[in-house]
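Everything below belongs to query_15.txt, which stores compact mmCIF, C-alpha atoms.
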# COMPACT_ATOMS: atom_id res chain seq x y z
CA THR O 1 79.09 72.27 56.72
CA LYS O 2 80.65 71.51 60.07
CA GLU O 3 79.85 72.98 63.49
CA TYR O 4 82.57 73.95 65.98
CA THR O 5 82.29 74.87 69.65
CA ILE O 6 84.92 77.33 70.82
CA ASP O 7 85.56 77.68 74.55
CA LEU O 8 87.27 80.97 75.43
CA SER O 9 88.80 81.61 78.84
CA HIS O 10 90.96 84.32 80.36
CA PHE O 11 94.66 83.70 79.80
CA THR O 12 95.59 83.46 83.50
CA GLY O 13 92.93 80.88 84.33
CA LEU O 14 91.70 82.78 87.42
CA PRO O 15 88.17 84.16 87.79
CA ILE O 16 87.82 87.85 86.92
CA ILE O 17 86.18 90.43 89.19
CA PHE O 18 84.87 93.58 87.51
CA LEU O 19 84.28 96.26 90.14
CA ASN O 20 83.26 99.82 89.32
CA THR O 21 82.51 102.57 91.83
CA ASP O 22 79.55 104.83 91.12
CA SER O 23 81.87 107.83 91.37
CA GLY O 24 84.42 106.35 88.99
CA GLN O 25 87.04 107.16 91.63
CA GLU O 26 88.98 105.18 94.23
CA VAL O 27 87.10 104.19 97.40
CA LYS O 28 87.64 107.00 99.89
CA ARG O 29 86.95 105.61 103.37
CA ARG O 30 87.05 102.47 105.50
CA SER O 31 84.04 103.17 107.72
CA VAL O 32 81.40 104.38 105.25
CA TYR O 33 79.92 102.35 102.41
CA GLU O 34 79.61 103.84 98.94
CA GLY O 35 77.86 102.62 95.82
CA ALA O 36 79.47 100.37 93.22
CA THR O 37 78.69 97.57 90.79
CA LEU O 38 80.11 94.05 90.67
CA GLU O 39 80.31 91.32 88.08
CA ILE O 40 82.40 88.14 88.30
CA TYR O 41 83.33 85.75 85.50
CA GLY O 42 84.09 82.25 86.75
CA CYS O 43 85.98 81.52 83.51
CA GLY O 44 84.43 78.09 83.09
CA ASP O 45 85.64 76.57 86.35
CA MET O 46 83.20 78.41 88.66
CA ASN O 47 79.77 79.97 88.37
CA ASP O 48 79.54 83.59 87.29
CA THR O 49 78.11 86.31 89.52
CA GLU O 50 75.72 88.46 87.54
CA PHE O 51 76.12 92.23 87.23
CA GLN O 52 74.60 93.90 90.29
CA LYS O 53 74.74 96.87 92.61
CA ILE O 54 76.81 96.58 95.78
CA GLN O 55 78.06 98.70 98.68
CA ILE O 56 81.81 98.92 99.28
CA HIS O 57 84.33 100.47 101.67
CA GLY O 58 88.06 100.14 102.33
CA ARG O 59 89.51 97.74 104.87
CA GLY O 60 92.77 97.00 106.68
CA ASN O 61 95.29 99.03 108.64
CA ALA O 62 98.68 99.17 106.93
CA THR O 63 97.06 97.73 103.81
CA TRP O 64 94.81 100.78 103.61
CA THR O 65 97.08 103.57 104.82
CA VAL O 66 100.28 102.58 103.00
CA MET O 67 99.48 100.66 99.83
CA GLN O 68 96.87 102.84 98.14
CA LYS O 69 97.91 101.57 94.71
CA LYS O 70 96.42 98.20 95.64
CA PRO O 71 94.08 98.62 98.63
CA SER O 72 91.79 96.01 100.18
CA TYR O 73 88.01 96.25 100.40
CA THR O 74 84.87 94.99 102.12
CA PHE O 75 81.73 94.76 100.00
CA LYS O 76 78.09 94.00 100.67
CA LEU O 77 75.65 92.43 98.22
CA GLU O 78 71.98 93.38 98.20
CA SER O 79 70.99 89.79 98.99
CA ARG O 80 72.57 86.57 100.25
CA GLN O 81 74.09 84.58 97.41
CA LYS O 82 76.87 82.19 96.54
CA VAL O 83 80.04 83.73 95.17
CA LEU O 84 82.49 81.58 93.19
CA GLY O 85 81.12 78.43 94.81
CA MET O 86 81.35 79.69 98.39
CA PRO O 87 78.24 79.45 100.62
CA LYS O 88 75.61 82.18 100.51
CA HIS O 89 76.20 85.47 102.30
CA LYS O 90 75.95 89.20 101.73
CA LYS O 91 79.33 90.33 103.07
CA TRP O 92 82.75 89.56 101.59
CA VAL O 93 86.31 90.90 101.60
CA LEU O 94 88.77 91.53 98.80
CA MET O 95 92.27 91.11 100.23
CA ALA O 96 95.08 92.72 98.25
CA ASN O 97 97.90 90.74 99.93
CA TYR O 98 100.05 93.57 98.64
CA ARG O 99 103.13 92.75 100.73
CA ASP O 100 102.95 88.98 100.23
CA LYS O 101 105.35 88.05 97.43
CA THR O 102 104.06 84.45 97.45
CA LEU O 103 100.41 85.60 97.29
CA MET O 104 99.58 82.60 99.47
CA ARG O 105 100.61 83.30 103.05
CA ASN O 106 96.97 83.38 104.19
CA SER O 107 96.08 80.42 101.99
CA VAL O 108 98.77 78.21 103.51
CA ALA O 109 97.77 79.11 107.08
CA TRP O 110 94.14 78.37 106.28
CA TRP O 111 95.12 75.03 104.70
CA ILE O 112 96.86 74.09 107.96
CA SER O 113 93.85 75.31 109.95
CA ARG O 114 91.49 73.00 108.07
CA LYS O 115 93.49 70.02 109.30
CA LEU O 116 92.59 70.98 112.90
CA PRO O 117 88.91 70.20 113.64
CA ALA O 118 89.04 72.23 116.89
CA LEU O 119 88.95 75.32 114.66
CA LYS O 120 85.32 74.96 113.72
CA TYR O 121 85.31 77.66 111.06
CA VAL O 122 88.10 78.58 108.65
CA PRO O 123 87.36 81.26 106.01
CA LYS O 124 86.93 80.08 102.44
CA TYR O 125 88.47 82.04 99.59
CA VAL O 126 89.16 82.16 95.86
CA GLN O 127 92.11 83.83 94.14
CA ALA O 128 90.91 86.12 91.34
CA GLU O 129 91.93 88.88 88.94
CA MET O 130 90.56 92.34 89.73
CA ILE O 131 89.52 94.90 87.13
CA PHE O 132 88.79 98.09 89.11
CA ASN O 133 87.13 100.98 87.26
CA GLY O 134 88.41 99.46 84.02
CA VAL O 135 92.02 99.09 85.19
CA HIS O 136 93.71 95.76 85.91
CA ARG O 137 94.74 95.67 89.61
CA GLY O 138 96.28 92.19 89.76
CA VAL O 139 95.50 89.24 92.06
CA TYR O 140 93.03 89.64 94.92
CA GLN O 141 91.89 87.04 97.42
CA LEU O 142 88.10 87.09 97.58
CA ALA O 143 87.29 85.66 101.00
CA GLU O 144 84.50 85.26 103.50
CA GLN O 145 84.26 88.06 106.05
CA VAL O 146 84.20 87.03 109.72
CA ARG O 147 80.49 87.09 110.55
CA ILE O 148 77.97 85.19 112.68
CA ASP O 149 76.20 82.86 110.28
CA LYS O 150 75.38 79.17 109.94
CA ASN O 151 78.04 79.00 107.19
CA ARG O 152 80.65 81.02 109.11
CA VAL O 153 80.97 81.52 112.88
CA ALA O 154 77.98 79.34 113.70
CA ILE O 155 76.84 80.81 117.01
CA ASN O 156 73.68 82.57 118.17
CA GLU O 157 73.18 86.04 116.70
CA MET O 158 72.01 88.39 119.43
CA GLN O 159 69.19 90.89 119.20
CA ILE O 160 69.07 94.36 120.74
CA THR O 161 66.24 93.05 122.95
CA ASP O 162 68.49 90.42 124.59
CA THR O 163 69.10 92.08 127.95
CA GLU O 164 69.05 89.41 130.66
CA GLY O 165 69.11 85.74 131.62
CA GLU O 166 70.33 83.18 129.11
CA ALA O 167 69.70 85.51 126.17
CA ILE O 168 72.47 87.91 127.18
CA THR O 169 75.17 85.22 127.36
CA GLY O 170 75.92 85.08 123.63
CA GLY O 171 76.94 85.01 120.99
CA TYR O 172 79.81 87.44 120.86
CA ILE O 173 82.75 87.68 118.47
CA ILE O 174 85.71 89.08 120.42
CA GLU O 175 88.95 90.17 118.77
CA LEU O 176 92.22 90.61 120.62
CA ASP O 177 93.72 93.48 118.68
CA ARG O 178 96.19 96.23 119.57
CA ILE O 179 94.71 98.51 116.88
CA ALA O 180 91.09 98.41 118.01
CA ASN O 181 88.85 100.48 115.76
CA SER O 182 87.42 103.59 117.37
CA ASP O 183 83.85 102.55 116.57
CA LEU O 184 84.14 99.34 118.58
CA TYR O 185 83.94 98.73 122.29
CA GLU O 186 87.45 98.11 123.54
CA TRP O 187 89.06 97.42 126.91
CA VAL O 188 92.59 96.96 128.17
CA MET O 189 93.29 93.57 129.76
CA PRO O 190 96.11 94.16 132.29
CA ASN O 191 97.15 90.50 132.64
CA MET O 192 97.26 89.75 128.92
CA HIS O 193 100.79 89.64 127.50
CA GLY O 194 101.43 91.94 124.56
CA SER O 195 102.19 95.49 123.56
CA ALA O 196 98.64 96.81 123.93
CA HIS O 197 96.50 94.23 125.78
CA ARG O 198 93.33 95.30 123.99
CA VAL O 199 90.07 93.47 123.43
CA SER O 200 87.38 94.70 121.06
CA ILE O 201 83.89 93.37 120.43
CA LYS O 202 83.30 92.76 116.73
CA LYS O 203 79.80 91.38 117.10
CA PRO O 204 77.34 92.73 118.13
CA LYS O 205 78.51 95.98 116.55
CA ILE O 206 78.29 99.21 118.49
CA ASP O 207 74.96 100.21 116.93
CA GLU O 208 73.53 96.74 117.63
CA MET O 209 74.64 96.34 121.25
CA ASN O 210 72.76 97.52 124.32
CA GLN O 211 74.30 98.56 127.64
CA GLN O 212 73.42 95.28 129.36
CA GLN O 213 75.26 93.27 126.70
CA HIS O 214 78.22 95.63 126.94
CA ASP O 215 78.40 95.21 130.70
CA TYR O 216 77.99 91.43 130.52
CA ILE O 217 80.74 90.71 128.00
CA LYS O 218 83.11 93.22 129.60
CA ALA O 219 82.68 91.51 132.97
CA TYR O 220 83.16 88.09 131.33
CA VAL O 221 86.51 88.86 129.66
CA HIS O 222 87.81 90.79 132.65
CA LYS O 223 86.98 87.94 135.02
CA ILE O 224 89.06 85.59 132.88
CA ASP O 225 91.89 88.12 132.72
CA GLU O 226 91.88 88.53 136.50
CA MET O 227 91.99 84.76 136.99
CA PHE O 228 95.05 84.48 134.74
CA GLY O 229 96.68 87.06 136.99
CA ASP O 230 96.20 84.81 140.03
CA PRO O 231 98.30 81.59 139.93
CA SER O 232 95.98 79.93 142.44
CA LYS O 233 93.12 80.16 139.90
CA LEU O 234 94.95 78.73 136.88
CA GLU O 235 93.27 75.33 136.98
CA GLU O 236 89.84 76.89 137.49
CA VAL O 237 90.14 79.29 134.57
CA MET O 238 91.53 76.62 132.26
CA THR O 239 88.83 74.09 133.04
CA LYS O 240 85.82 76.38 133.39
CA TYR O 241 86.44 79.08 130.79
CA ILE O 242 89.12 78.13 128.26
CA ASP O 243 88.30 75.79 125.38
CA MET O 244 91.76 74.23 125.31
CA PRO O 245 91.51 72.45 121.91
CA SER O 246 90.70 75.62 119.95
CA TRP O 247 93.23 77.77 121.85
CA ALA O 248 95.94 75.17 121.24
CA ALA O 249 95.01 74.75 117.57
CA GLN O 250 94.91 78.47 116.77
CA TRP O 251 98.17 79.12 118.61
CA LEU O 252 99.76 76.29 116.63
CA VAL O 253 98.66 77.77 113.27
CA PHE O 254 100.23 81.12 114.16
CA GLU O 255 103.37 79.38 115.40
CA ILE O 256 103.77 77.15 112.34
CA SER O 257 103.45 80.18 110.06
CA GLY O 258 105.81 82.18 112.26
CA THR O 259 103.28 85.02 112.40
CA PRO O 260 104.01 87.28 115.41
CA GLU O 261 100.55 88.90 115.51
CA PRO O 262 99.60 87.26 118.87
CA ASN O 263 102.35 89.30 120.54
CA GLY O 264 100.35 92.50 119.91
CA PRO O 265 97.99 90.90 120.11
CA SER O 266 96.48 91.53 116.68
CA SER O 267 93.92 89.68 114.59
CA TRP O 268 93.33 87.00 117.23
CA PHE O 269 89.64 86.15 116.85
CA THR O 270 87.66 84.45 119.59
CA TYR O 271 83.99 83.93 120.35
CA LYS O 272 81.55 83.10 123.13
CA GLU O 273 78.35 81.16 122.50
CA LYS O 274 75.02 81.50 124.26
CA SER O 275 74.61 79.39 127.44
CA ASP O 276 78.26 78.32 127.28
CA ASP O 277 80.93 79.62 129.68
CA LYS O 278 83.78 78.57 127.40
CA TRP O 279 85.89 81.07 125.47
CA TYR O 280 86.67 79.64 122.02
CA CYS O 281 89.33 80.61 119.47
CA GLY O 282 88.69 81.17 115.79
CA PRO O 283 88.62 81.85 113.01
CA PRO O 284 92.36 82.14 112.24
CA TRP O 285 93.06 85.39 110.38
CA ASP O 286 95.81 87.64 108.99
CA PHE O 287 99.07 85.85 108.17
CA ASP O 288 100.72 88.24 105.71
CA TYR O 289 102.91 90.08 108.24
CA LYS O 290 106.47 88.94 109.10
CA SER O 291 105.49 85.34 108.43
CA TYR O 292 107.36 82.29 107.09
CA LEU O 293 110.72 83.94 107.78
CA PRO O 294 113.65 81.46 107.64
CA SER O 295 115.32 83.34 110.51
CA THR O 296 112.45 82.34 112.83
CA ALA O 297 112.19 78.68 111.80
CA ASN O 298 114.22 77.41 114.75
CA GLN O 299 112.58 79.30 117.58
CA TRP O 300 109.25 79.84 119.28
CA ILE O 301 107.62 83.09 118.17
CA ASN O 302 104.47 83.25 120.28
CA ALA O 303 105.28 81.37 123.49
CA GLY O 304 105.06 84.63 125.43
CA ALA O 305 101.88 85.94 123.78
CA ILE O 306 98.39 86.56 125.19
CA TYR O 307 97.99 84.04 128.07
CA MET O 308 100.42 81.41 126.79
CA PRO O 309 102.98 81.78 129.63
CA GLU O 310 100.24 80.85 132.11
CA MET O 311 98.60 78.20 129.90
CA LEU O 312 101.90 76.41 129.37
CA LYS O 313 102.20 75.96 133.14
CA TYR O 314 99.03 73.85 133.08
CA PRO O 315 100.02 70.27 132.06
CA PRO O 316 96.68 69.34 130.39
CA PHE O 317 97.07 72.29 128.02
CA LYS O 318 100.56 71.17 127.01
CA GLU O 319 99.11 67.72 126.39
CA GLU O 320 96.45 69.33 124.20
CA LEU O 321 99.11 71.19 122.20
CA ILE O 322 100.93 67.91 121.52
CA LYS O 323 97.63 66.29 120.55
CA GLN O 324 96.91 69.08 118.04
CA TRP O 325 100.43 68.84 116.62
CA ASN O 326 100.08 65.09 116.15
CA LEU O 327 97.01 65.73 113.99
CA ILE O 328 99.06 67.61 111.42
CA LYS O 329 102.70 66.61 111.79
CA GLY O 330 102.37 64.01 109.03
CA CYS O 331 100.80 66.50 106.60
CA LEU O 332 103.93 68.33 105.43
CA PRO O 333 104.29 66.46 102.08
CA GLU O 334 100.62 67.13 101.33
CA LEU O 335 101.04 70.80 102.26
CA ILE O 336 104.05 71.19 99.96
CA GLY O 337 102.04 69.56 97.20
CA TYR O 338 99.26 72.08 97.75
CA ILE O 339 101.71 75.00 97.63
CA ASN O 340 103.20 73.80 94.35
CA GLN O 341 99.73 73.28 92.89
CA GLU O 342 98.74 76.84 93.82
CA ARG O 343 102.04 78.10 92.42
CA GLU O 344 101.23 76.64 89.01
CA TYR O 345 97.60 77.76 89.14
CA MET O 346 98.63 81.37 89.78
CA ARG O 347 101.89 81.46 87.84
CA ILE O 348 100.76 83.72 84.98
CA SER O 349 98.57 85.93 87.18
CA ALA O 350 101.37 86.30 89.75
CA GLN O 351 103.80 87.41 87.04
CA ALA O 352 101.31 90.05 85.86
CA ASN O 353 100.61 91.14 89.44
CA TRP O 354 104.24 91.72 90.32
CA HIS O 355 104.97 93.36 86.99
CA MET O 356 102.53 96.05 88.18
CA HIS O 357 103.21 96.12 91.92
CA GLU O 358 106.75 94.95 92.65
CA GLN O 359 108.23 98.44 92.62
CA ASN O 360 105.37 99.66 94.83
CA LEU O 361 106.24 96.95 97.34
CA ILE O 362 109.91 97.89 97.28
CA ASP O 363 109.09 101.60 97.62
CA ASP O 364 106.93 100.80 100.67
CA ASN O 365 110.31 100.30 102.43
CA ARG O 366 108.91 98.12 105.25
CA ARG O 367 110.78 94.91 104.32
CA GLU O 368 108.57 92.90 106.68
CA ASN O 369 108.73 89.53 104.94
CA GLY O 370 112.26 89.69 103.59
CA ASP O 371 111.38 88.49 100.10
CA GLU O 372 110.58 91.83 98.49
CA PHE O 373 113.60 91.77 96.15
CA ILE O 374 113.34 88.19 94.88
CA PRO O 375 110.98 86.72 92.25
CA SER O 376 107.72 85.25 93.54
CA ASP O 377 108.86 81.76 92.52
CA GLU O 378 111.91 82.07 94.77
CA ALA O 379 109.73 83.48 97.55
CA ILE O 380 107.58 80.34 97.37
CA ASP O 381 110.66 78.10 97.46
CA ARG O 382 111.80 80.06 100.51
CA MET O 383 108.42 79.49 102.16
CA ILE O 384 108.67 75.73 101.55
CA GLU O 385 112.16 75.60 103.02
CA TYR O 386 110.96 77.54 106.06
CA LEU O 387 108.11 75.06 106.59
CA ARG O 388 110.49 72.09 106.42
CA LEU O 389 112.68 73.66 109.10
CA LYS O 390 109.77 74.77 111.28
CA TRP O 391 108.13 71.34 111.09
CA GLU O 392 111.35 69.73 112.30
CA PHE O 393 111.81 72.30 115.07
CA ILE O 394 108.28 71.92 116.43
CA ASP O 395 108.41 68.13 116.35
CA LYS O 396 111.66 68.10 118.31
CA ASN O 397 110.73 70.73 120.87
CA ILE O 398 107.00 70.81 121.48
CA ALA O 399 107.12 68.26 124.32
CA ASN O 400 109.48 70.58 126.22
CA LEU O 401 107.72 73.84 125.46
What would you get if you wrote out this structure as structure tokens?
Amino acid sequence: TKEYTIDLSHFTGLPIIFLNTDSGQEVKRRSVYEGATLEIYGCGDMNDTEFQKIQIHGRGNATWTVMQKKPSYTFKLESRQKVLGMPKHKKWVLMANYRDKTLMRNSVAWWISRKLPALKYVPKYVQAEMIFNGVHRGVYQLAEQVRIDKNRVAINEMQITDTEGEAITGGYIIELDRIANSDLYEWVMPNMHGSAHRVSIKKPKIDEMNQQQHDYIKAYVHKIDEMFGDPSKLEEVMTKYIDMPSWAAQWLVFEISGTPEPNGPSSWFTYKEKSDDKWYCGPPWDFDYKSYLPSTANQWINAGAIYMPEMLKYPPFKEELIKQWNLIKGCLPELIGYINQEREYMRISAQANWHMHEQNLIDDNRRENGDEFIPSDEAIDRMIEYLRLKWEFIDKNIANL
């Protein structure tokens, strides 16, 4: 006799997520959780996640309202636990990346972000196959949700009883977003550049925030906005309130990727810590929209966004931008190597994904990334060529920005 050990793995090589709603139907809403079950096979390379009950709801704006054949989700586990090697937490997101022909626009931006230590937290993720209610849905990006946690945005988590003194000063997660959700506190910032000028408080959430906290953080952001509207107070606001390294680093990530979201602004996350007057940027988020376009490689996309026109008039901030660029300008060969490695890792799964969803993307008729009609391999080559051009443009022009 002879004994054999047979190791079986899924043909694409990616982990497999099995998600089933209790109703057996598609998730109906973005704001209300419903019951489901989850099981994840790591396929030998990562630890499995055992079968368990979860809560799930939809997520996204255009992703949710337009692409219902491959929507994105937020899910909540019953207890904190590691998922596919990522640090313990209860809340996670499943990003469809439905309009991203490369399936790696977010991944590339996050790779760049990790080279910039001023961005203290960059979401971790794993690419995986999704089986939803027994039907193959293609490639999803399972990623950490933006939350206050020692493993995520590592700031103080406020309590409803924090109403005065040092306790009320933080921490807050503040998103600059033109499509502020109706269940969040939001205010218009008249001196912020963009199409909507809106700020929303992501944390504490509306049902966790008291009136004193609301009044404090509203006064804080409006004071900064007013100071940016007064040229005589530029130095004061930049030195007292703005954390220049993180603002420079996050702006640079959006600019390198050519993502125009700051012009809304949209998806520009910031935070304020307890007992700290500084306003910090991070984590970087949402790079699947009009990004890595060759037509934008030789121009600045976000120089007029948020408070950049004022910040660029302050010489120490321009020096900080150059400093942040110098940290990554030699990384292009490594970045291209990473892209090609991810291309090979996802090659089979990407082919299966676009066999299912390519016509859906074309029928969407938005044409935001300009690569909807070409194979994913060509879209990745196009992304690499864009990055070569953008790298050269930034290096030549950043000193004169």
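CA of Asn369 in chain O lies 21.7 Å from CA of Leu332 in chain O.
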Which residues come within 8 Å of range 78-85 of chain O, counting only C-alpha atoms, excluding same-chain residues fewer than 4 positions away, as a tab-separated table (two decimals) with C-alpha atoms, in the frame of the given file?
chain	number	residue	atom	x	y	z
O	42	GLY	CA	84.09	82.25	86.75
O	46	MET	CA	83.20	78.41	88.66
O	47	ASN	CA	79.77	79.97	88.37
O	48	ASP	CA	79.54	83.59	87.29
O	49	THR	CA	78.11	86.31	89.52
O	53	LYS	CA	74.74	96.87	92.61
O	54	ILE	CA	76.81	96.58	95.78
O	89	HIS	CA	76.20	85.47	102.30
O	90	LYS	CA	75.95	89.20	101.73
O	126	VAL	CA	89.16	82.16	95.86
> What is the CA of Asp364 in chain O to CA of Gly60 in chain O distance in Å?
Replying inline: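 If I compute the distance from CA of Asp364 in chain O to CA of Gly60 in chain O, I get 15.8 Å.
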> Taking (108.1, 79.1, 120.9) in the file's coordinates as the center, which residues reach within 12 Å of it, counting all atoms listed in the file, put as a VMD selection string?
Replying inline: chain O and resid 251 to 252 254 to 260 262 to 263 296 to 305 308 to 309 312 390 393 to 401
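Proximity of O:Glu164, O:Ile131, O:Trp391, O:Trp92 to Pro333 in chain O, computed with all atoms listed in the file, is greatest for O:Trp391.
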> Which residue gives the smallest distance to Val253 in chain O among O:Trp110, O:Phe373, O:Tyr33, O:Tyr220, with only C-alpha atoms counted?
Replying inline: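 Residue with the minimum atom-to-atom distance to Val253 in chain O: O:Trp110.
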> Of the candidates O:Leu14, O:Ala350, O:Leu387, O:Met192, which shows the shortest atom-to-atom distance to Tyr307 in chain O, using all atoms listed in the file?
Replying inline: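 With all atoms listed in the file as the atom set, the closest residue is O:Met192.
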> Any idea what's packed within 8 Å of range 271-280 of chain O, counting only C-alpha atoms, ignoring anything in its chain fewer than 2 positions away? Could you give it as a ChimeraX atom specification?
Replying inline: /O:155-156,166-174,240-243,246-247,269,282
> Can you tell me how far CA of Leu8 in chain O sits from CA of Glu39 in chain O, in Å to one decimal?
Replying inline: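 CA of Glu39 in chain O lies 17.8 Å from CA of Leu8 in chain O.
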>> From the options O:Asn210, O:Asp149, O:Met311, O:Thr1, which residue's atoms come nearest to Met227 in chain O, counting only C-alpha atoms?
In response: O:Met311
>> So that I can see what lies close to Pro284 in chain O, please list as a VMD selection string the residues with an atom at most 9 Å from it, counting only C-alpha atoms and leaving out residues fewer than 3 positions away in the same chain.
In response: chain O and resid 109 to 110 113 119 121 to 123 250 253 to 254 267 to 269 281 287
>> Let me make sure I understand: among O:Arg347, O:Lys202, O:Lys28, O:Lys218, which one has the smallest atom-to-atom distance to Gln145 in chain O if we use all atoms listed in the file?
In response: O:Lys202
>> Give me, as a list in words, all polymer residues having an atom no more than 12 Å from His355 in chain O, counting only C-alpha atoms and skipping those fewer than 4 positions away in the same chain.
In response: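 Here the qualifying residues turn out to be Lys101, His136, Arg137, Gly138, Val139, Ile348, Ser349, Ala350, Gln351, Gln359, Asn360, Leu361, Pro375 and Ser376 of chain O.
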>> Using all atoms listed in the file for the distances, tell me which of O:Phe228, O:Trp111, O:Tyr216, O:Trp325 is nearest to Lys124 in chain O.
In response: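 Using all atoms listed in the file, the shortest distance to Lys124 in chain O belongs to O:Trp111.
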>> Quick one: residues within 9 Å of Met209 in chain O, all atoms listed in the file, excluding same-chain residues fewer than 5 positions away - as an MDAnalysis selection string?
In response: chainID O and resid 158:160 203:204 214
Can you take range 386-392 of chain O from the block and write all heavy atoms as a PDB file, in the first residue's frame?
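Listing of decode-v2.pdb after writing:
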ATOM      1  N   TYR O 386      -0.178  55.180 -17.832  1.00  0.00           N
ATOM      2  CA  TYR O 386      -0.604  56.410 -17.165  1.00  0.00           C
ATOM      3  C   TYR O 386       0.345  56.745 -16.014  1.00  0.00           C
ATOM      4  O   TYR O 386       0.776  57.905 -15.864  1.00  0.00           O
ATOM      5  CB  TYR O 386      -2.030  56.270 -16.632  1.00  0.00           C
ATOM      6  CG  TYR O 386      -2.357  57.299 -15.581  1.00  0.00           C
ATOM      7  CD1 TYR O 386      -2.813  58.565 -15.933  1.00  0.00           C
ATOM      8  CD2 TYR O 386      -2.151  57.034 -14.215  1.00  0.00           C
ATOM      9  CE1 TYR O 386      -3.076  59.536 -14.970  1.00  0.00           C
ATOM     10  CE2 TYR O 386      -2.408  57.991 -13.254  1.00  0.00           C
ATOM     11  CZ  TYR O 386      -2.859  59.235 -13.627  1.00  0.00           C
ATOM     12  OH  TYR O 386      -3.099  60.191 -12.671  1.00  0.00           O
ATOM     13  N   LEU O 387       0.656  55.772 -15.174  1.00  0.00           N
ATOM     14  CA  LEU O 387       1.506  56.021 -14.012  1.00  0.00           C
ATOM     15  C   LEU O 387       2.899  56.480 -14.425  1.00  0.00           C
ATOM     16  O   LEU O 387       3.495  57.356 -13.790  1.00  0.00           O
ATOM     17  CB  LEU O 387       1.588  54.764 -13.140  1.00  0.00           C
ATOM     18  CG  LEU O 387       0.312  54.447 -12.342  1.00  0.00           C
ATOM     19  CD1 LEU O 387       0.368  53.033 -11.785  1.00  0.00           C
ATOM     20  CD2 LEU O 387       0.107  55.467 -11.222  1.00  0.00           C
ATOM     21  N   ARG O 388       3.437  55.912 -15.486  1.00  0.00           N
ATOM     22  CA  ARG O 388       4.747  56.373 -15.977  1.00  0.00           C
ATOM     23  C   ARG O 388       4.688  57.852 -16.348  1.00  0.00           C
ATOM     24  O   ARG O 388       5.567  58.648 -15.985  1.00  0.00           O
ATOM     25  CB  ARG O 388       5.183  55.550 -17.194  1.00  0.00           C
ATOM     26  CG  ARG O 388       5.501  54.087 -16.922  1.00  0.00           C
ATOM     27  CD  ARG O 388       6.026  53.438 -18.193  1.00  0.00           C
ATOM     28  NE  ARG O 388       6.081  52.001 -18.109  1.00  0.00           N
ATOM     29  CZ  ARG O 388       7.067  51.295 -17.540  1.00  0.00           C
ATOM     30  NH1 ARG O 388       8.082  51.943 -16.994  1.00  0.00           N
ATOM     31  NH2 ARG O 388       7.031  49.974 -17.525  1.00  0.00           N
ATOM     32  N   LEU O 389       3.642  58.239 -17.072  1.00  0.00           N
ATOM     33  CA  LEU O 389       3.499  59.627 -17.498  1.00  0.00           C
ATOM     34  C   LEU O 389       3.251  60.554 -16.305  1.00  0.00           C
ATOM     35  O   LEU O 389       3.824  61.639 -16.220  1.00  0.00           O
ATOM     36  CB  LEU O 389       2.356  59.744 -18.499  1.00  0.00           C
ATOM     37  CG  LEU O 389       2.553  59.045 -19.853  1.00  0.00           C
ATOM     38  CD1 LEU O 389       1.261  59.068 -20.651  1.00  0.00           C
ATOM     39  CD2 LEU O 389       3.682  59.708 -20.639  1.00  0.00           C
ATOM     40  N   LYS O 390       2.400  60.128 -15.401  1.00  0.00           N
ATOM     41  CA  LYS O 390       2.067  60.967 -14.245  1.00  0.00           C
ATOM     42  C   LYS O 390       3.276  61.151 -13.347  1.00  0.00           C
ATOM     43  O   LYS O 390       3.506  62.236 -12.801  1.00  0.00           O
ATOM     44  CB  LYS O 390       0.916  60.336 -13.455  1.00  0.00           C
ATOM     45  CG  LYS O 390       0.314  61.258 -12.398  1.00  0.00           C
ATOM     46  CD  LYS O 390      -0.494  62.389 -13.035  1.00  0.00           C
ATOM     47  CE  LYS O 390      -1.193  63.247 -12.004  1.00  0.00           C
ATOM     48  NZ  LYS O 390      -2.156  64.179 -12.568  1.00  0.00           N
ATOM     49  N   TRP O 391       4.043  60.092 -13.156  1.00  0.00           N
ATOM     50  CA  TRP O 391       5.252  60.169 -12.327  1.00  0.00           C
ATOM     51  C   TRP O 391       6.206  61.225 -12.894  1.00  0.00           C
ATOM     52  O   TRP O 391       6.745  62.053 -12.160  1.00  0.00           O
ATOM     53  CB  TRP O 391       5.931  58.806 -12.299  1.00  0.00           C
ATOM     54  CG  TRP O 391       6.274  58.331 -10.930  1.00  0.00           C
ATOM     55  CD1 TRP O 391       7.478  58.427 -10.300  1.00  0.00           C
ATOM     56  CD2 TRP O 391       5.406  57.663  -9.987  1.00  0.00           C
ATOM     57  NE1 TRP O 391       7.427  57.865  -9.045  1.00  0.00           N
ATOM     58  CE2 TRP O 391       6.163  57.389  -8.827  1.00  0.00           C
ATOM     59  CE3 TRP O 391       4.076  57.282 -10.001  1.00  0.00           C
ATOM     60  CZ2 TRP O 391       5.616  56.748  -7.716  1.00  0.00           C
ATOM     61  CZ3 TRP O 391       3.535  56.640  -8.918  1.00  0.00           C
ATOM     62  CH2 TRP O 391       4.301  56.387  -7.783  1.00  0.00           C
ATOM     63  N   GLU O 392       6.381  61.193 -14.219  1.00  0.00           N
ATOM     64  CA  GLU O 392       7.276  62.146 -14.866  1.00  0.00           C
ATOM     65  C   GLU O 392       6.739  63.568 -14.744  1.00  0.00           C
ATOM     66  O   GLU O 392       7.494  64.511 -14.457  1.00  0.00           O
ATOM     67  CB  GLU O 392       7.440  61.775 -16.344  1.00  0.00           C
ATOM     68  CG  GLU O 392       8.390  62.674 -17.103  1.00  0.00           C
ATOM     69  CD  GLU O 392       8.539  62.268 -18.566  1.00  0.00           C
ATOM     70  OE1 GLU O 392       7.925  61.255 -18.965  1.00  0.00           O
ATOM     71  OE2 GLU O 392       9.263  62.976 -19.298  1.00  0.00           O
TER      72      GLU O 392
END
